[in-house]
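Source file start.cif; content: mmCIF, C-alpha atoms and all ligand atoms.
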```cif
data_coords
#
loop_
_atom_site.label_atom_id
_atom_site.label_comp_id
_atom_site.auth_asym_id
_atom_site.auth_seq_id
_atom_site.Cartn_x
_atom_site.Cartn_y
_atom_site.Cartn_z
CA MET A 1 36.13 -43.04 -55.45
CA ASN A 2 34.21 -46.21 -54.48
CA GLN A 3 33.88 -46.57 -50.74
CA THR A 4 31.69 -48.13 -48.10
CA ILE A 5 30.89 -45.66 -45.34
CA PHE A 6 29.17 -46.62 -42.09
CA ILE A 7 27.31 -43.88 -40.25
CA SER A 8 26.57 -44.62 -36.62
CA GLY A 9 25.59 -42.84 -33.41
CA THR A 10 23.05 -42.73 -30.62
CA PRO A 11 19.38 -42.80 -31.71
CA THR A 12 18.09 -39.34 -32.84
CA VAL A 13 21.59 -37.92 -33.40
CA GLY A 14 20.64 -37.40 -37.05
CA LYS A 15 21.93 -40.50 -38.87
CA THR A 16 18.88 -41.00 -41.10
CA THR A 17 18.29 -37.34 -41.92
CA ILE A 18 21.94 -36.57 -42.66
CA SER A 19 22.53 -39.82 -44.59
CA GLU A 20 19.53 -39.25 -46.84
CA VAL A 21 20.68 -35.75 -47.85
CA LEU A 22 24.30 -36.90 -48.17
CA ALA A 23 23.49 -39.97 -50.29
CA SER A 24 21.36 -38.01 -52.72
CA LYS A 25 23.96 -35.20 -52.92
CA ILE A 26 26.88 -37.51 -53.76
CA GLY A 27 24.84 -40.13 -55.63
CA ALA A 28 25.57 -42.93 -53.16
CA LYS A 29 23.61 -46.10 -52.53
CA LEU A 30 21.94 -45.78 -49.11
CA ILE A 31 21.26 -48.77 -46.88
CA LYS A 32 19.20 -48.01 -43.79
CA ILE A 33 19.92 -50.81 -41.35
CA ASN A 34 16.53 -50.56 -39.64
CA ASP A 35 14.77 -51.26 -42.96
CA PHE A 36 17.39 -53.73 -44.24
CA VAL A 37 17.12 -55.85 -41.07
CA PHE A 38 13.35 -56.25 -41.33
CA GLU A 39 13.33 -56.76 -45.11
CA ASN A 40 15.85 -59.58 -44.70
CA GLY A 41 14.67 -61.15 -41.43
CA LEU A 42 17.89 -60.41 -39.54
CA THR A 43 16.54 -60.29 -35.99
CA LEU A 44 16.97 -62.67 -33.08
CA GLY A 45 13.47 -62.00 -31.72
CA LYS A 46 12.03 -59.60 -29.20
CA ASP A 47 13.88 -58.72 -26.01
CA SER A 48 11.15 -59.34 -23.44
CA ASP A 49 12.53 -56.76 -21.00
CA LYS A 50 13.20 -53.99 -23.46
CA GLY A 51 10.34 -54.72 -25.87
CA TYR A 52 12.25 -54.29 -29.12
CA GLU A 53 13.60 -56.64 -31.78
CA VAL A 54 17.26 -57.56 -31.26
CA ILE A 55 19.38 -57.38 -34.41
CA ASP A 56 21.43 -60.46 -35.32
CA ILE A 57 24.73 -58.66 -35.95
CA GLU A 58 26.46 -61.72 -37.45
CA LYS A 59 23.67 -62.24 -39.97
CA LEU A 60 23.46 -58.51 -40.67
CA ASP A 61 27.18 -58.37 -41.34
CA ALA A 62 26.98 -61.33 -43.74
CA ALA A 63 23.92 -59.91 -45.52
CA LEU A 64 25.64 -56.53 -45.94
CA GLN A 65 28.71 -58.18 -47.46
CA GLU A 66 26.48 -60.03 -49.90
CA GLU A 67 24.49 -56.90 -50.75
CA LEU A 68 27.65 -54.89 -51.46
CA GLU A 69 29.77 -57.66 -52.99
CA ASP A 70 29.17 -56.71 -56.60
CA PHE A 71 28.24 -53.10 -55.99
CA ASP A 72 30.35 -50.59 -57.84
CA GLY A 73 30.08 -47.14 -56.27
CA THR A 74 29.91 -45.42 -52.93
CA ALA A 75 27.62 -47.03 -50.37
CA ILE A 76 26.42 -45.43 -47.17
CA VAL A 77 25.19 -47.77 -44.46
CA GLU A 78 23.42 -45.95 -41.64
CA GLY A 79 22.20 -47.32 -38.33
CA HIS A 80 23.17 -47.39 -34.69
CA VAL A 81 24.76 -50.84 -35.00
CA SER A 82 26.49 -50.22 -38.35
CA HIS A 83 29.82 -49.76 -36.54
CA LEU A 84 29.62 -53.39 -35.33
CA CYS A 85 29.81 -54.64 -38.92
CA SER A 86 32.94 -55.16 -41.00
CA ASN A 87 34.58 -54.07 -44.23
CA ALA A 88 33.91 -50.35 -44.18
CA ASP A 89 36.43 -47.88 -45.54
CA LYS A 90 35.36 -45.29 -42.98
CA ILE A 91 33.11 -45.33 -39.93
CA ILE A 92 31.63 -41.95 -39.11
CA VAL A 93 30.15 -41.66 -35.62
CA LEU A 94 27.83 -38.71 -35.20
CA ARG A 95 27.78 -37.16 -31.72
CA ALA A 96 25.53 -34.56 -30.13
CA ASN A 97 25.19 -33.00 -26.72
CA PRO A 98 22.83 -35.13 -24.60
CA GLU A 99 20.78 -32.01 -23.82
CA ILE A 100 19.80 -31.78 -27.48
CA LEU A 101 19.05 -35.50 -27.73
CA ARG A 102 16.74 -35.50 -24.70
CA GLU A 103 14.14 -33.42 -26.55
CA ARG A 104 14.38 -35.58 -29.67
CA LEU A 105 14.10 -38.85 -27.72
CA GLU A 106 11.07 -37.46 -25.89
CA ALA A 107 9.54 -36.45 -29.21
CA ARG A 108 10.11 -40.03 -30.44
CA GLY A 109 8.01 -41.25 -27.51
CA TYR A 110 10.74 -43.10 -25.61
CA GLY A 111 10.09 -43.78 -21.91
CA GLU A 112 12.30 -42.14 -19.25
CA SER A 113 14.50 -45.18 -18.61
CA LYS A 114 15.23 -45.66 -22.31
CA ILE A 115 15.89 -41.93 -22.67
CA ARG A 116 18.32 -42.02 -19.74
CA GLU A 117 20.07 -45.12 -21.14
CA ASN A 118 20.59 -43.43 -24.50
CA LEU A 119 21.72 -40.10 -23.02
CA GLU A 120 24.26 -41.84 -20.80
CA ALA A 121 25.51 -43.83 -23.78
CA GLU A 122 25.95 -40.57 -25.69
CA ALA A 123 27.67 -38.81 -22.77
CA LEU A 124 30.08 -41.75 -22.42
CA GLY A 125 30.61 -41.97 -26.18
CA VAL A 126 29.69 -45.66 -26.33
CA CYS A 127 29.23 -45.90 -30.11
CA GLY A 128 32.56 -44.20 -30.75
CA CYS A 129 34.39 -46.47 -28.27
CA GLU A 130 32.86 -49.62 -29.75
CA ALA A 131 33.68 -48.38 -33.24
CA TYR A 132 37.28 -47.58 -32.26
CA ASP A 133 37.71 -51.00 -30.61
CA MET A 134 36.79 -52.65 -33.86
CA HIS A 135 38.03 -50.28 -36.57
CA SER A 136 40.70 -48.10 -34.84
CA ASN A 137 41.86 -45.24 -37.05
CA LYS A 138 39.15 -45.72 -39.68
CA VAL A 139 36.81 -44.03 -37.19
CA GLU A 140 35.82 -40.39 -37.57
CA GLU A 141 33.79 -38.72 -34.83
CA VAL A 142 31.83 -35.55 -35.57
CA ASP A 143 30.00 -33.34 -33.07
CA VAL A 144 26.90 -32.19 -34.96
CA SER A 145 25.36 -30.40 -31.94
CA SER A 146 25.56 -26.97 -33.51
CA MET A 147 25.46 -27.98 -37.18
CA THR A 148 22.48 -27.79 -39.49
CA VAL A 149 21.82 -30.93 -41.53
CA GLU A 150 23.43 -29.18 -44.52
CA ASP A 151 26.54 -28.25 -42.47
CA ALA A 152 26.87 -31.87 -41.32
CA VAL A 153 26.46 -33.15 -44.88
CA GLU A 154 29.30 -30.88 -46.04
CA VAL A 155 31.59 -32.12 -43.27
CA LEU A 156 30.79 -35.76 -44.06
CA GLU A 157 31.36 -35.15 -47.75
CA ASP A 158 34.80 -33.69 -46.94
CA ILE A 159 35.60 -36.70 -44.73
CA ILE A 160 34.55 -39.14 -47.46
CA GLU A 161 36.70 -37.30 -50.00
CA GLY A 162 39.62 -37.52 -47.57
CA ASN A 163 40.00 -33.73 -47.28
CA VAL A 164 39.52 -33.59 -43.51
CA HIS A 165 39.97 -35.92 -40.57
CA TYR A 166 37.94 -35.90 -37.33
CA PRO A 167 39.88 -38.40 -35.18
CA PHE A 168 38.14 -40.42 -32.50
CA GLY A 169 38.45 -39.24 -28.91
CA ASN A 170 38.16 -35.44 -29.12
CA ILE A 171 34.51 -35.08 -28.08
CA ASP A 172 33.67 -34.96 -24.40
CA PHE A 173 30.13 -34.81 -23.00
CA MET A 174 31.09 -36.18 -19.59
CA GLU A 175 30.03 -32.89 -18.01
CA TRP A 176 26.43 -33.97 -18.67
CA ILE A 177 26.90 -37.06 -16.44
CA ILE A 178 28.26 -34.90 -13.62
CA SER A 179 25.42 -32.39 -13.76
CA ASN A 180 22.62 -34.91 -14.34
P1 LIG B 201 18.62 -41.04 -36.16
O1 LIG B 201 18.48 -41.62 -37.54
O2 LIG B 201 20.05 -40.89 -35.73
O3 LIG B 201 17.80 -41.76 -35.13
P2 LIG B 201 17.10 -38.83 -37.24
O4 LIG B 201 17.82 -38.53 -38.50
O5 LIG B 201 15.84 -39.62 -37.33
O6 LIG B 201 18.07 -39.53 -36.18
O7 LIG B 201 16.86 -37.42 -36.52
C1 LIG B 201 16.06 -37.30 -35.35
C2 LIG B 201 15.35 -35.96 -35.36
O8 LIG B 201 16.29 -34.91 -35.23
C3 LIG B 201 14.57 -35.68 -36.63
O9 LIG B 201 13.37 -35.03 -36.25
C4 LIG B 201 15.44 -34.72 -37.41
C5 LIG B 201 16.20 -33.99 -36.33
N1 LIG B 201 17.58 -33.63 -36.71
C6 LIG B 201 18.53 -34.48 -37.12
N2 LIG B 201 19.68 -33.83 -37.35
C7 LIG B 201 19.47 -32.53 -37.06
C8 LIG B 201 20.27 -31.34 -37.08
N3 LIG B 201 21.56 -31.35 -37.41
N4 LIG B 201 19.68 -30.19 -36.72
C9 LIG B 201 18.40 -30.16 -36.34
N5 LIG B 201 17.57 -31.24 -36.29
C10 LIG B 201 18.11 -32.40 -36.65
#
```
Any chance you could put this one into structure tokens?
Amino acid sequence: MNQTIFISGTPTVGKTTISEVLASKIGAKLIKINDFVFENGLTLGKDSDKGYEVIDIEKLDAALQEELEDFDGTAIVEGHVSHLCSNADKIIVLRANPEILRERLEARGYGESKIRENLEAEALGVCGCEAYDMHSNKVEEVDVSSMTVEDAVEVLEDIIEGNVHYPFGNIDFMEWIISN
């Protein structure tokens, strides 16, 4: 079945790792937004406060449509802004307990304020909410906190095949906000 699947979630939740294994397992085309954006010049310039390149979502969306227009097969588009683009068949938001993400964000060398911002976004489920606002019931939300990469790949494969459904709104990490 030909489909376009977006995989989103807070940085370090496992989008890249899981998408790579998944795409090679099911023979899908994989677009990594971080690479795609820089290869195609889809940034608005550097945010002087935050120090990173801001993605031009409108241009990214248009470039993705063009890239996939004549593509025949399953495409996986992974990146933490993928859910802000259009024309996906399914949007899978990966979630993980903020406690797990703290270690990974530290290992990635993020500063404390950026770590805090990302952990709060995860606790509040920001990616999932944004995705649901835009795509409603096309959104699937999977808690991968206690899954290996292989476990997560199996779940995503089942979702893509339409065998299981992980509706938006069932994951709650608000406890982290209260105790942190
Ligand atoms: P993202 O692309 O969402 O930023 P990533 O795929 O680069 O995240 O993963 C960040 C780190 O976490 C990387 O060292 C691999 C590890 N990781 C990802 N998913 C995992 C899982 N389910 N179990 C254990 N480690 C995982």
Can you work out which residues are within 6 Å of ligand LIG 201 (chain B), considering all atoms listed in the file, and then hand them over as a PyMOL selection string? chain A and resi 11-17+104+144+147-149
Taking (33.1, -46.3, -45.7) in the file's coordinates as the center, which residues reach within 7 Å of it, counting only C-alpha atoms, put as a list in words?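 Neighbouring residues, ordered by chain and number, come to Gln3, Thr4, Ile5, Phe6, Ile76, Ala88, Asp89, Lys90 and Ile91 of chain A.
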Selection from above, C-alpha atoms, as a tab-separated table (two decimals), in the frame of the given file, can you write it?
```
chain	number	residue	atom	x	y	z
A	3	GLN	CA	33.88	-46.57	-50.74
A	4	THR	CA	31.69	-48.13	-48.10
A	5	ILE	CA	30.89	-45.66	-45.34
A	6	PHE	CA	29.17	-46.62	-42.09
A	76	ILE	CA	26.42	-45.43	-47.17
A	88	ALA	CA	33.91	-50.35	-44.18
A	89	ASP	CA	36.43	-47.88	-45.54
A	90	LYS	CA	35.36	-45.29	-42.98
A	91	ILE	CA	33.11	-45.33	-39.93
```
In terms of the shortest atom-to-atom distance over only C-alpha atoms, which of A:Ala107, A:Cys127, A:Met174, A:Ala96 is closest to A:Asp143? A:Ala96
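One distance worth recording is that between atom CA of A:His83 and atom CA of A:Asn180, which is 27.7 Å.
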Residue nearest A:Glu20 - candidates A:Val126, A:Ile33, A:Ile178, A:Val153, atoms counted: only C-alpha atoms: A:Val153
Within 7 Å of A:Ser8, counting all atoms listed in the file, which residues show up once you throw out same-chain ones fewer than 3 positions away? Write them as a list in words, please. Lys15, Glu78, Gly79, His80, Val81, Ser82, His83, Ile92, Val93 and Leu94 of chain A
For C-alpha atoms, I'd like the residues from the last selection saved as a PDB file, in the frame of the given file.
```pdb
ATOM      1  CA  LYS A  15      21.930 -40.500 -38.870  1.00  0.00           C
ATOM      2  CA  GLU A  78      23.420 -45.950 -41.640  1.00  0.00           C
ATOM      3  CA  GLY A  79      22.200 -47.320 -38.330  1.00  0.00           C
ATOM      4  CA  HIS A  80      23.170 -47.390 -34.690  1.00  0.00           C
ATOM      5  CA  VAL A  81      24.760 -50.840 -35.000  1.00  0.00           C
ATOM      6  CA  SER A  82      26.490 -50.220 -38.350  1.00  0.00           C
ATOM      7  CA  HIS A  83      29.820 -49.760 -36.540  1.00  0.00           C
ATOM      8  CA  ILE A  92      31.630 -41.950 -39.110  1.00  0.00           C
ATOM      9  CA  VAL A  93      30.150 -41.660 -35.620  1.00  0.00           C
ATOM     10  CA  LEU A  94      27.830 -38.710 -35.200  1.00  0.00           C
TER      11      LEU A  94
END
```
Please list as JSON, numbers by chain every residue within 12 Å of A:Glu66, counting all atoms listed in the file and excluding residues in the same chain fewer than 6 positions away. {"A": [40, 59, 60, 87]}
Give as a list in words every residue, naming chains and numbers as the document does, that has an atom within 8 Å of (35.7, -42.0, -38.1), counting only C-alpha atoms.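 I get Lys90, Ile91, Ile92, Val93, Asn137, Lys138, Val139, Glu140, Glu141, Val142, His165, Tyr166, Pro167 and Phe168 of chain A for the residues within 8 Å of that point.
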Considering only C-alpha atoms, state which residue in the set A:Gly162, A:Gly41, A:Gly9, A:Gly111 is at the smallest distance from A:Ala123.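 With only C-alpha atoms as the atom set, the closest residue is A:Gly9.
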Can you measure atom CA of A:Ile160 to atom CA of A:Ala28 for me? One decimal in Å is fine.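 Atom CA of A:Ile160 sits 11.3 Å away from atom CA of A:Ala28.
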Given 6 Å on each side, where is the centre and what are the edge lengths in Å to one decimal of the axis-aligned box enclosing the listed atoms of stretch 120-131 of chain A, as AutoDock Vina command-line options?
```
--center_x 29.3 --center_y -44.2 --center_z -27.0 --size_x 22.1 --size_y 22.8 --size_z 24.4
```
How far is it from atom CA of A:Leu84 to atom CA of A:Glu69, in Å with one decimal? 18.2 Å
Ranking A:Tyr132, A:Leu124, A:Gln65, A:Thr74 by minimum distance to A:Glu161 and counting all atoms listed in the file, which one comes first?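 Nearest candidate to A:Glu161 out of A:Tyr132, A:Leu124, A:Gln65, A:Thr74: A:Thr74.
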N, CA and C atoms are what I want for stretch 113-125 of chain A; can you complete it accordingly and write them as an mmCIF file, in the frame of the given file?
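The file below, result.cif, is the result:
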```
data_model
loop_
_atom_site.group_PDB
_atom_site.id
_atom_site.type_symbol
_atom_site.label_atom_id
_atom_site.label_comp_id
_atom_site.auth_asym_id
_atom_site.auth_seq_id
_atom_site.Cartn_x
_atom_site.Cartn_y
_atom_site.Cartn_z
ATOM 1 N N SER A 113 13.314 -44.345 -18.829
ATOM 2 C CA SER A 113 14.500 -45.180 -18.610
ATOM 3 C C SER A 113 15.271 -45.398 -19.912
ATOM 4 N N LYS A 114 14.544 -45.489 -21.017
ATOM 5 C CA LYS A 114 15.230 -45.660 -22.310
ATOM 6 C C LYS A 114 15.917 -44.348 -22.716
ATOM 7 N N ILE A 115 15.288 -43.231 -22.375
ATOM 8 C CA ILE A 115 15.890 -41.930 -22.670
ATOM 9 C C ILE A 115 17.210 -41.809 -21.899
ATOM 10 N N ARG A 116 17.144 -42.110 -20.620
ATOM 11 C CA ARG A 116 18.320 -42.020 -19.740
ATOM 12 C C ARG A 116 19.450 -42.923 -20.260
ATOM 13 N N GLU A 117 19.076 -44.153 -20.635
ATOM 14 C CA GLU A 117 20.070 -45.120 -21.140
ATOM 15 C C GLU A 117 20.785 -44.560 -22.376
ATOM 16 N N ASN A 118 20.003 -43.964 -23.269
ATOM 17 C CA ASN A 118 20.590 -43.430 -24.500
ATOM 18 C C ASN A 118 21.429 -42.177 -24.242
ATOM 19 N N LEU A 119 20.967 -41.324 -23.324
ATOM 20 C CA LEU A 119 21.720 -40.100 -23.020
ATOM 21 C C LEU A 119 23.041 -40.438 -22.348
ATOM 22 N N GLU A 120 23.010 -41.432 -21.461
ATOM 23 C CA GLU A 120 24.260 -41.840 -20.800
ATOM 24 C C GLU A 120 25.224 -42.442 -21.823
ATOM 25 N N ALA A 121 24.664 -43.229 -22.737
ATOM 26 C CA ALA A 121 25.510 -43.830 -23.780
ATOM 27 C C ALA A 121 26.158 -42.734 -24.623
ATOM 28 N N GLU A 122 25.399 -41.680 -24.904
ATOM 29 C CA GLU A 122 25.950 -40.570 -25.690
ATOM 30 C C GLU A 122 27.013 -39.826 -24.887
ATOM 31 N N ALA A 123 26.705 -39.550 -23.607
ATOM 32 C CA ALA A 123 27.670 -38.810 -22.770
ATOM 33 C C ALA A 123 28.984 -39.588 -22.656
ATOM 34 N N LEU A 124 28.883 -40.913 -22.568
ATOM 35 C CA LEU A 124 30.080 -41.750 -22.420
ATOM 36 C C LEU A 124 30.734 -42.055 -23.772
ATOM 37 N N GLY A 125 30.047 -41.730 -24.844
ATOM 38 C CA GLY A 125 30.610 -41.970 -26.180
ATOM 39 C C GLY A 125 30.683 -43.440 -26.538
#
```
